[in-house]
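Read the structure below first, then the notes.
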Amino acid sequence: MRNALFAEEESTALSTWAVASICGCLRLEHVMTLFAAALLEKQIVMVCSNLGMLSASVLSIIPLIRPYQWQSLLVPVLPIDMMDFLDAPVPYIVGVQNKTADVLNRLANAVVIDANRNQIKSAAVPQLPQQRELLSALRPYHSRLVGESYLARKRPVYECTDAQVEAAKGFLAVLRDYLDTLCSNLRSHTITNVQSNNDKVCFSALAQIFLGVGVEFYFFPIY
């Protein structure tokens, strides 16, 4: 029981630190691009010269997509002598300190987020469903975290103020509600009866709508 409580406290502290850091250095729209790219299992590269901020930015994906879990490769700081790793044909989230010409040449199809400049270079990442409403709900918490990040510059990056803790919790609570709402009626978006007609597969109208806006579907047999 004690170990479980300690693990929960550690997870909460990590979530607060990571979310406060990512919101402090990126615009809300860029944070949402990171969120969407992770849900779509894109190749994502974070760039930041500050090792603490770099680690926090990469690790922020863990609390951002919870209760889902990132199943592929995650490297908070990629060593210079392992840049060949960026050629891997799999989804990944990695952090690099410098955006060198060699790094850029390897990232034609990746989502590159530059925390130093608050910029993003993105391959095609579709907007999230109800994105406007989500941004409106998140903006007050994000603005508070941005303001606190300026006040906190004289402290170590891993130390969060009480205001940052509360704002980060509020930010994550909005995302949890959003994901719960998005997936609450998942069965209606699932094709359970596929019929072939002259080698043409008939999809439900609802599935076609979602496929039309770029949402990726993975279909599993339901018995």
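Chain identifiers are assigned as A, B, and so on, following the order in which chains appear in the structure tokens; residues are numbered from 1 within each chain, and ligands are numbered from 1 in order of appearance.
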### Message
Set the distance at 12 Å and use only C-alpha atoms: which residues neighbour region 82-87 of chain A once local chain neighbours fewer than 2 positions away are removed? I'd like the list as an MDAnalysis selection string.
### Response
chainID A and resid 43:46 73:75 77:80 89:112
Could you write those residues out with C-alpha atoms, as a PDB file, in the first residue's frame?
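To be explicit, this is the file written out as result_5.pdb:
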ATOM      1  CA  GLN A  43       7.027  10.688 -35.330  1.00  0.00           C
ATOM      2  CA  ILE A  44       7.597  13.627 -32.966  1.00  0.00           C
ATOM      3  CA  VAL A  45      10.856  15.452 -32.227  1.00  0.00           C
ATOM      4  CA  MET A  46      11.153  18.053 -29.458  1.00  0.00           C
ATOM      5  CA  LEU A  73       9.624   4.572 -28.457  1.00  0.00           C
ATOM      6  CA  LEU A  74      10.116   7.516 -26.103  1.00  0.00           C
ATOM      7  CA  VAL A  75      13.561   9.047 -25.498  1.00  0.00           C
ATOM      8  CA  VAL A  77      17.214  13.178 -24.589  1.00  0.00           C
ATOM      9  CA  LEU A  78      18.711  11.564 -27.681  1.00  0.00           C
ATOM     10  CA  PRO A  79      22.547  11.502 -27.587  1.00  0.00           C
ATOM     11  CA  ILE A  80      24.392  13.070 -30.514  1.00  0.00           C
ATOM     12  CA  PRO A  89      10.387   3.482 -39.453  1.00  0.00           C
ATOM     13  CA  VAL A  90       8.233   3.502 -36.311  1.00  0.00           C
ATOM     14  CA  PRO A  91       6.376   6.120 -34.253  1.00  0.00           C
ATOM     15  CA  TYR A  92       8.598   7.844 -31.697  1.00  0.00           C
ATOM     16  CA  ILE A  93       8.839  10.845 -29.412  1.00  0.00           C
ATOM     17  CA  VAL A  94      12.415  12.014 -28.860  1.00  0.00           C
ATOM     18  CA  GLY A  95      14.179  15.095 -27.564  1.00  0.00           C
ATOM     19  CA  VAL A  96      17.238  16.708 -29.156  1.00  0.00           C
ATOM     20  CA  GLN A  97      19.143  19.746 -27.900  1.00  0.00           C
ATOM     21  CA  ASN A  98      20.129  21.206 -31.259  1.00  0.00           C
ATOM     22  CA  LYS A  99      18.322  21.354 -34.589  1.00  0.00           C
ATOM     23  CA  THR A 100      21.344  20.702 -36.796  1.00  0.00           C
ATOM     24  CA  ALA A 101      21.293  20.261 -40.568  1.00  0.00           C
ATOM     25  CA  ASP A 102      21.801  16.516 -40.082  1.00  0.00           C
ATOM     26  CA  VAL A 103      18.779  16.342 -37.794  1.00  0.00           C
ATOM     27  CA  LEU A 104      16.593  18.336 -40.184  1.00  0.00           C
ATOM     28  CA  ASN A 105      17.542  16.122 -43.118  1.00  0.00           C
ATOM     29  CA  ARG A 106      16.176  13.116 -41.242  1.00  0.00           C
ATOM     30  CA  LEU A 107      12.843  14.686 -40.294  1.00  0.00           C
ATOM     31  CA  ALA A 108      10.984  15.258 -43.543  1.00  0.00           C
ATOM     32  CA  ASN A 109       7.851  13.492 -42.289  1.00  0.00           C
ATOM     33  CA  ALA A 110       8.121  14.192 -38.570  1.00  0.00           C
ATOM     34  CA  VAL A 111       6.389  16.720 -36.358  1.00  0.00           C
ATOM     35  CA  VAL A 112       9.206  18.995 -35.144  1.00  0.00           C
TER      36      VAL A 112
END
### Message
From the options A:Gln164, A:Gln71, A:Ser122, A:Gln127, which residue's atoms come nearest to Trp17 (chain A), counting only C-alpha atoms?
### Response
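Using only C-alpha atoms, the shortest distance to Trp17 (chain A) belongs to A:Gln164.
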### Query
For Glu133 (chain A), which of A:Val174, A:Ala56, A:Thr12, A:Asp180 is the closest residue, counting only C-alpha atoms?
A:Val174
#### Entry: Separation of CA of Ala137 (chain A) from CA of Asp114 (chain A), in Å and rounded to one decimal
24.7 Å
#### Entry: Those of region 22-167 of chain A in DSSP helix (DSSP H, G or I), formatted as number ranges by chain
A: 22-25, 28-39, 51-59, 61-64, 80-87, 101-105, 131-151, 162-167
### Query
What gap, in Å, lies between CA of Gln131 (chain A) and CA of Phe35 (chain A)?
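Straight-line distance from CA of Gln131 (chain A) to CA of Phe35 (chain A) works out to 11.5 Å.
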